[in-house]
$ cat protein34.txt   # compact mmCIF, C-alpha atoms
# COMPACT_ATOMS: atom_id res chain seq x y z
CA MET O 208 120.48 65.29 112.23
CA SER O 209 123.94 66.07 110.88
CA LYS O 210 126.74 66.78 113.26
CA LYS O 211 128.96 69.82 112.84
CA ALA O 212 132.41 69.19 111.47
CA SER O 213 135.15 69.32 114.06
CA GLY O 214 138.86 68.89 113.98
CA LEU O 215 141.91 70.63 112.59
CA ASN O 216 140.73 71.04 108.98
CA ALA O 217 137.02 71.72 109.59
CA GLY O 218 137.17 75.51 109.03
CA ASN O 219 136.12 75.55 105.36
CA LYS O 220 133.23 73.18 105.96
CA LEU O 221 131.99 75.26 108.93
CA GLN O 222 132.19 78.48 106.88
CA ALA O 223 130.22 76.93 104.03
CA ARG O 224 127.61 75.62 106.47
CA ARG O 225 127.22 79.07 108.07
CA ALA O 226 126.86 80.78 104.64
CA ASP O 227 124.23 78.25 103.62
CA GLN O 228 122.21 78.79 106.81
CA ARG O 229 122.40 82.60 106.56
CA LYS O 230 120.81 82.55 103.10
CA LYS O 231 117.78 80.84 104.61
CA TYR O 232 117.27 83.74 107.03
CA LYS O 233 114.69 86.04 105.42
CA TRP O 234 116.15 89.40 106.47
CA TYR O 235 119.70 88.50 105.46
CA ALA O 236 118.55 87.28 102.05
CA LYS O 237 116.45 90.42 101.51
CA LYS O 238 119.39 92.67 102.37
CA THR O 239 122.07 90.87 100.37
CA LEU O 240 119.95 90.28 97.27
CA GLY O 241 118.70 93.89 97.35
CA LEU O 242 115.05 92.86 97.08
CA LYS O 243 113.67 96.02 98.71
CA SER O 244 115.34 98.37 96.24
CA LYS O 245 114.58 96.03 93.36
CA TYR O 246 110.81 95.94 93.89
CA ASP O 247 110.15 99.19 95.79
CA PRO O 248 108.30 101.62 93.48
CA LEU O 249 109.45 104.58 95.61
CA GLU O 250 113.06 103.43 95.06
CA GLY O 251 114.05 103.82 98.69
CA SER O 252 112.60 107.29 99.28
CA SER O 253 110.05 107.96 102.01
CA GLN O 254 107.64 109.99 99.86
CA ALA O 255 106.90 110.43 96.16
CA SER O 256 104.61 112.52 94.00
CA GLY O 257 102.29 111.19 91.36
CA ILE O 258 99.25 111.88 89.22
CA VAL O 259 95.84 110.40 90.08
CA LEU O 260 94.63 108.14 87.28
CA GLU O 261 91.33 106.98 88.79
CA LYS O 262 89.45 106.58 92.04
CA VAL O 263 88.86 102.98 93.10
CA GLN O 264 87.26 101.15 96.00
CA ARG O 265 88.92 98.12 97.58
CA GLU O 266 87.07 95.53 99.58
CA ALA O 267 88.37 94.97 103.10
CA LYS O 268 89.56 91.54 104.21
CA GLN O 269 87.49 89.29 106.45
CA PRO O 270 85.98 89.70 109.04
CA ASN O 271 85.42 93.35 108.01
CA SER O 272 83.07 94.28 105.20
CA ALA O 273 83.70 97.76 103.88
CA MET O 274 84.62 99.48 100.67
CA ARG O 275 87.85 101.37 101.38
CA LYS O 276 88.47 104.43 99.24
CA CYS O 277 91.71 104.37 97.24
CA VAL O 278 93.25 105.98 94.17
CA ARG O 279 95.42 104.63 91.37
CA VAL O 280 98.50 106.83 91.13
CA GLN O 281 101.19 107.02 88.45
CA LEU O 282 104.50 108.09 89.97
CA VAL O 283 106.32 111.00 88.35
CA LYS O 284 109.82 109.67 89.02
CA ASN O 285 109.54 106.32 87.22
CA GLY O 286 106.05 105.97 85.73
CA LYS O 287 105.06 103.01 87.93
CA GLN O 288 101.40 102.69 88.92
CA ILE O 289 100.42 101.96 92.52
CA THR O 290 97.26 101.98 94.62
CA ALA O 291 97.22 104.46 97.52
CA PHE O 292 94.74 104.66 100.39
CA LEU O 293 92.77 107.86 101.10
CA PRO O 294 92.68 108.30 104.91
CA GLY O 295 89.89 110.23 106.59
CA ASP O 296 86.16 110.60 106.25
CA GLY O 297 85.21 112.27 102.94
CA ALA O 298 88.75 112.28 101.54
CA GLN O 299 87.50 110.89 98.26
CA LYS O 300 85.64 114.15 97.57
CA MET O 301 88.86 116.16 97.95
CA VAL O 302 90.76 114.23 95.27
CA ASP O 303 89.92 114.36 91.56
CA GLU O 304 91.46 112.68 88.55
CA HIS O 305 94.64 114.31 87.23
CA ASP O 306 95.37 115.90 90.63
CA GLU O 307 98.96 115.80 91.81
CA VAL O 308 99.31 113.89 95.08
CA VAL O 309 102.16 113.09 97.45
CA ILE O 310 102.16 109.57 98.87
CA GLU O 311 104.06 107.93 101.71
CA CYS O 312 104.42 104.44 103.11
CA MET O 313 101.65 103.42 105.51
CA GLY O 314 104.05 101.66 107.85
CA GLY O 315 102.54 98.19 108.02
CA GLY O 316 104.37 95.28 109.57
CA MET O 317 107.55 94.28 107.74
CA GLY O 318 106.90 96.74 104.92
CA ARG O 319 103.68 95.02 103.97
CA ALA O 320 100.09 96.22 103.69
CA LYS O 321 98.56 97.69 106.82
CA GLY O 322 95.19 96.78 108.30
CA ASP O 323 92.52 95.08 106.24
CA LEU O 324 93.60 96.32 102.78
CA PRO O 325 95.49 93.64 100.87
CA GLY O 326 98.22 94.97 98.59
CA VAL O 327 97.81 98.65 99.49
CA ARG O 328 101.03 99.87 101.11
CA TRP O 329 100.82 103.64 100.55
CA GLN O 330 98.57 106.52 101.58
CA VAL O 331 97.93 110.01 100.24
CA ILE O 332 99.16 112.90 102.42
CA LYS O 333 98.96 115.91 100.07
CA VAL O 334 96.70 116.96 97.21
CA ASN O 335 97.92 119.74 94.88
CA ASP O 336 100.55 120.78 97.48
CA GLN O 337 97.93 121.10 100.23
CA SER O 338 97.70 118.83 103.23
CA LEU O 339 94.86 116.31 102.94
CA ASP O 340 94.41 116.48 106.72
CA ALA O 341 93.94 120.29 106.62
CA LEU O 342 91.47 119.96 103.73
CA LEU O 343 89.41 117.43 105.68
CA LYS O 344 89.34 119.60 108.81
CA LYS O 345 88.26 122.55 106.62
CA ARG O 346 91.23 124.69 107.63
CA ILE O 347 91.91 125.44 103.95
CA GLU O 348 89.97 125.14 100.70
CA LYS O 349 91.14 123.10 97.74
CA ALA O 350 93.24 125.15 95.32
CA ARG O 351 92.00 125.81 91.81
CA LYS O 352 94.25 124.65 89.01

$ encode --input "protein34.txt" --output "structure tokens"
Amino acid sequence: MSKKASGLNAGNKLQARRADQRKKYKWYAKKTLGLKSKYDPLEGSSQASGIVLEKVQREAKQPNSAMRKCVRVQLVKNGKQITAFLPGDGAQKMVDEHDEVVIECMGGGMGRAKGDLPGVRWQVIKVNDQSLDALLKKRIEKARK
């Protein structure tokens, strides 16, 4: 184990040591290198709109065994494609291909996937400017295009 430098002229060595150790801290490195903004498809915003390309089913991680309903969405703002989860029972019937949806972050730990869906970090909240929750509770009917 190395001992810290001490003495009258140790300041530069201590500063270099501190800078080196800070880079090893995950949150500091993420912030200074700008990794969130670099790889975030929403580009820092909380919600984004996109067009549904296809409906897909994702298999849940162990120990669960279920086919979770998701959609592939192409974002309007930058053209990136992401997979978004459809929350609620029967939500898959409310969403069709080429519908416009609004997605938001699911809020998993440390900005990662939530629950038993690997790689799915977003969920659908609106379909054709109508709340998916209201559609599922049959408060409103799906709008015609």

$ residues_around --input "protein34.txt" --residues "range 284-295 of chain O" --least-positions-apart "2" --cutoff "7 Å" --atoms "all atoms listed in the file" --output "NGL selection string"
:O and (248 or 276-282 or 297-299 or 327-331)

$ atom_distance --input "protein34.txt" --atom1 "CA of Ile258 in chain O" --atom2 "CA of Ala273 in chain O"
25.6 Å

$ atom_distance --input "protein34.txt" --atom1 "CA of Val259 in chain O" --atom2 "CA of Gln337 in chain O"
14.9 Å

$ closest_residue --input "protein34.txt" --among "O:Arg225, O:Lys345, O:Lys321, O:Arg351" --to "Asp303 in chain O" --atoms "all atoms listed in the file"
O:Arg351

$ atom_distance --input "protein34.txt" --atom1 "CA of Ser256 in chain O" --atom2 "CA of Gly315 in chain O"
20.2 Å

$ axis_aligned_box --input "protein34.txt" --around "range 334-348 of chain O" --padding-each-side "5 Å" --output "lines of an AutoDock Vina configuration file"
center_x = 94.4
center_y = 120.9
center_z = 101.8
size_x = 22.3
size_y = 19.1
size_z = 23.9

$ closest_residue --input "protein34.txt" --among "O:Leu221, O:Ala212, O:Ile332, O:Leu240" --to "Met313 in chain O" --atoms "all atoms listed in the file"
O:Ile332

$ closest_residue --input "protein34.txt" --among "O:Gln264, O:Ser213, O:Asn271, O:Gln254" --to "Lys333 in chain O" --atoms "only C-alpha atoms"
O:Gln254

$ closest_residue --input "protein34.txt" --among "O:Lys262, O:Lys300, O:His305, O:Lys268" --to "Leu324 in chain O" --atoms "only C-alpha atoms"
O:Lys268

$ decode --input "protein34.txt" --residues "range 253-291 of chain O" --atoms "N, CA and C atoms" --output "PDB file, in the first residue's frame"
ATOM      1  N   SER O 253     -37.422  14.644 -20.645  1.00  0.00           N
ATOM      2  CA  SER O 253     -38.127  13.641 -19.846  1.00  0.00           C
ATOM      3  C   SER O 253     -39.071  12.798 -20.688  1.00  0.00           C
ATOM      4  N   GLN O 254     -39.607  13.381 -21.773  1.00  0.00           N
ATOM      5  CA  GLN O 254     -40.540  12.658 -22.638  1.00  0.00           C
ATOM      6  C   GLN O 254     -40.193  12.937 -24.093  1.00  0.00           C
ATOM      7  N   ALA O 255     -40.638  12.040 -24.977  1.00  0.00           N
ATOM      8  CA  ALA O 255     -40.411  12.235 -26.409  1.00  0.00           C
ATOM      9  C   ALA O 255     -41.512  11.529 -27.180  1.00  0.00           C
ATOM     10  N   SER O 256     -41.797  12.031 -28.374  1.00  0.00           N
ATOM     11  CA  SER O 256     -42.805  11.385 -29.207  1.00  0.00           C
ATOM     12  C   SER O 256     -42.123  10.585 -30.300  1.00  0.00           C
ATOM     13  N   GLY O 257     -42.834   9.555 -30.742  1.00  0.00           N
ATOM     14  CA  GLY O 257     -42.284   8.697 -31.779  1.00  0.00           C
ATOM     15  C   GLY O 257     -43.387   7.960 -32.508  1.00  0.00           C
ATOM     16  N   ILE O 258     -42.988   7.239 -33.538  1.00  0.00           N
ATOM     17  CA  ILE O 258     -43.914   6.466 -34.359  1.00  0.00           C
ATOM     18  C   ILE O 258     -43.677   4.984 -34.092  1.00  0.00           C
ATOM     19  N   VAL O 259     -44.763   4.232 -33.892  1.00  0.00           N
ATOM     20  CA  VAL O 259     -44.656   2.797 -33.630  1.00  0.00           C
ATOM     21  C   VAL O 259     -44.277   2.079 -34.924  1.00  0.00           C
ATOM     22  N   LEU O 260     -43.196   1.316 -34.873  1.00  0.00           N
ATOM     23  CA  LEU O 260     -42.760   0.546 -36.034  1.00  0.00           C
ATOM     24  C   LEU O 260     -43.346  -0.860 -36.017  1.00  0.00           C
ATOM     25  N   GLU O 261     -43.306  -1.501 -34.844  1.00  0.00           N
ATOM     26  CA  GLU O 261     -43.852  -2.853 -34.722  1.00  0.00           C
ATOM     27  C   GLU O 261     -44.127  -3.163 -33.255  1.00  0.00           C
ATOM     28  N   LYS O 262     -45.010  -4.135 -33.052  1.00  0.00           N
ATOM     29  CA  LYS O 262     -45.265  -4.641 -31.705  1.00  0.00           C
ATOM     30  C   LYS O 262     -44.362  -5.847 -31.488  1.00  0.00           C
ATOM     31  N   VAL O 263     -43.744  -5.915 -30.331  1.00  0.00           N
ATOM     32  CA  VAL O 263     -42.854  -7.035 -30.017  1.00  0.00           C
ATOM     33  C   VAL O 263     -43.171  -7.550 -28.620  1.00  0.00           C
ATOM     34  N   GLN O 264     -42.722  -8.772 -28.350  1.00  0.00           N
ATOM     35  CA  GLN O 264     -42.855  -9.344 -27.012  1.00  0.00           C
ATOM     36  C   GLN O 264     -41.463  -9.676 -26.511  1.00  0.00           C
ATOM     37  N   ARG O 265     -41.168  -9.261 -25.282  1.00  0.00           N
ATOM     38  CA  ARG O 265     -39.872  -9.522 -24.666  1.00  0.00           C
ATOM     39  C   ARG O 265     -40.055 -10.552 -23.558  1.00  0.00           C
ATOM     40  N   GLU O 266     -39.094 -11.443 -23.462  1.00  0.00           N
ATOM     41  CA  GLU O 266     -39.160 -12.455 -22.414  1.00  0.00           C
ATOM     42  C   GLU O 266     -38.600 -11.887 -21.121  1.00  0.00           C
ATOM     43  N   ALA O 267     -39.294 -12.126 -20.018  1.00  0.00           N
ATOM     44  CA  ALA O 267     -38.858 -11.617 -18.717  1.00  0.00           C
ATOM     45  C   ALA O 267     -37.656 -12.414 -18.221  1.00  0.00           C
ATOM     46  N   LYS O 268     -36.855 -11.749 -17.368  1.00  0.00           N
ATOM     47  CA  LYS O 268     -35.685 -12.416 -16.804  1.00  0.00           C
ATOM     48  C   LYS O 268     -36.105 -13.446 -15.753  1.00  0.00           C
ATOM     49  N   GLN O 269     -35.184 -14.354 -15.455  1.00  0.00           N
ATOM     50  CA  GLN O 269     -35.419 -15.349 -14.415  1.00  0.00           C
ATOM     51  C   GLN O 269     -35.650 -14.641 -13.085  1.00  0.00           C
ATOM     52  N   PRO O 270     -36.417 -15.132 -12.157  1.00  0.00           N
ATOM     53  CA  PRO O 270     -37.146 -16.399 -12.166  1.00  0.00           C
ATOM     54  C   PRO O 270     -38.530 -16.281 -12.799  1.00  0.00           C
ATOM     55  N   ASN O 271     -38.886 -15.102 -13.355  1.00  0.00           N
ATOM     56  CA  ASN O 271     -40.197 -14.946 -13.974  1.00  0.00           C
ATOM     57  C   ASN O 271     -40.209 -15.542 -15.377  1.00  0.00           C
ATOM     58  N   SER O 272     -41.383 -15.984 -15.797  1.00  0.00           N
ATOM     59  CA  SER O 272     -41.515 -16.465 -17.172  1.00  0.00           C
ATOM     60  C   SER O 272     -42.786 -15.859 -17.744  1.00  0.00           C
ATOM     61  N   ALA O 273     -42.610 -14.778 -18.477  1.00  0.00           N
ATOM     62  CA  ALA O 273     -43.750 -14.096 -19.084  1.00  0.00           C
ATOM     63  C   ALA O 273     -43.278 -13.426 -20.359  1.00  0.00           C
ATOM     64  N   MET O 274     -44.231 -13.183 -21.238  1.00  0.00           N
ATOM     65  CA  MET O 274     -43.935 -12.429 -22.452  1.00  0.00           C
ATOM     66  C   MET O 274     -44.473 -11.011 -22.232  1.00  0.00           C
ATOM     67  N   ARG O 275     -43.588 -10.069 -22.000  1.00  0.00           N
ATOM     68  CA  ARG O 275     -43.991  -8.686 -21.753  1.00  0.00           C
ATOM     69  C   ARG O 275     -44.233  -7.982 -23.086  1.00  0.00           C
ATOM     70  N   LYS O 276     -45.308  -7.204 -23.144  1.00  0.00           N
ATOM     71  CA  LYS O 276     -45.692  -6.552 -24.387  1.00  0.00           C
ATOM     72  C   LYS O 276     -44.951  -5.222 -24.531  1.00  0.00           C
ATOM     73  N   CYS O 277     -44.283  -5.048 -25.667  1.00  0.00           N
ATOM     74  CA  CYS O 277     -43.501  -3.853 -25.934  1.00  0.00           C
ATOM     75  C   CYS O 277     -43.738  -3.406 -27.376  1.00  0.00           C
ATOM     76  N   VAL O 278     -43.246  -2.217 -27.685  1.00  0.00           N
ATOM     77  CA  VAL O 278     -43.313  -1.713 -29.062  1.00  0.00           C
ATOM     78  C   VAL O 278     -41.952  -1.133 -29.440  1.00  0.00           C
ATOM     79  N   ARG O 279     -41.608  -1.276 -30.722  1.00  0.00           N
ATOM     80  CA  ARG O 279     -40.419  -0.613 -31.253  1.00  0.00           C
ATOM     81  C   ARG O 279     -40.870   0.759 -31.737  1.00  0.00           C
ATOM     82  N   VAL O 280     -40.194   1.801 -31.267  1.00  0.00           N
ATOM     83  CA  VAL O 280     -40.592   3.168 -31.566  1.00  0.00           C
ATOM     84  C   VAL O 280     -39.426   3.902 -32.217  1.00  0.00           C
ATOM     85  N   GLN O 281     -39.726   4.652 -33.284  1.00  0.00           N
ATOM     86  CA  GLN O 281     -38.727   5.534 -33.885  1.00  0.00           C
ATOM     87  C   GLN O 281     -39.024   6.951 -33.443  1.00  0.00           C
ATOM     88  N   LEU O 282     -38.051   7.577 -32.779  1.00  0.00           N
ATOM     89  CA  LEU O 282     -38.260   8.918 -32.235  1.00  0.00           C
ATOM     90  C   LEU O 282     -38.313   9.949 -33.352  1.00  0.00           C
ATOM     91  N   VAL O 283     -39.182  10.944 -33.182  1.00  0.00           N
ATOM     92  CA  VAL O 283     -39.346  11.990 -34.182  1.00  0.00           C
ATOM     93  C   VAL O 283     -38.137  12.927 -34.175  1.00  0.00           C
ATOM     94  N   LYS O 284     -37.613  13.224 -32.980  1.00  0.00           N
ATOM     95  CA  LYS O 284     -36.597  14.265 -32.844  1.00  0.00           C
ATOM     96  C   LYS O 284     -35.248  13.894 -33.452  1.00  0.00           C
ATOM     97  N   ASN O 285     -34.884  12.590 -33.413  1.00  0.00           N
ATOM     98  CA  ASN O 285     -33.559  12.243 -33.945  1.00  0.00           C
ATOM     99  C   ASN O 285     -33.537  10.949 -34.757  1.00  0.00           C
ATOM    100  N   GLY O 286     -34.679  10.285 -34.911  1.00  0.00           N
ATOM    101  CA  GLY O 286     -34.722   9.081 -35.741  1.00  0.00           C
ATOM    102  C   GLY O 286     -34.197   7.819 -35.081  1.00  0.00           C
ATOM    103  N   LYS O 287     -33.817   7.881 -33.799  1.00  0.00           N
ATOM    104  CA  LYS O 287     -33.313   6.689 -33.117  1.00  0.00           C
ATOM    105  C   LYS O 287     -34.458   5.739 -32.792  1.00  0.00           C
ATOM    106  N   GLN O 288     -34.145   4.434 -32.815  1.00  0.00           N
ATOM    107  CA  GLN O 288     -35.158   3.423 -32.525  1.00  0.00           C
ATOM    108  C   GLN O 288     -34.926   2.867 -31.122  1.00  0.00           C
ATOM    109  N   ILE O 289     -36.008   2.776 -30.349  1.00  0.00           N
ATOM    110  CA  ILE O 289     -35.915   2.226 -29.000  1.00  0.00           C
ATOM    111  C   ILE O 289     -37.093   1.289 -28.765  1.00  0.00           C
ATOM    112  N   THR O 290     -36.962   0.459 -27.736  1.00  0.00           N
ATOM    113  CA  THR O 290     -38.052  -0.430 -27.337  1.00  0.00           C
ATOM    114  C   THR O 290     -38.719   0.149 -26.100  1.00  0.00           C
ATOM    115  N   ALA O 291     -40.047   0.301 -26.145  1.00  0.00           N
ATOM    116  CA  ALA O 291     -40.801   0.875 -25.028  1.00  0.00           C
ATOM    117  C   ALA O 291     -41.823  -0.142 -24.537  1.00  0.00           C
TER     118      ALA O 291
END
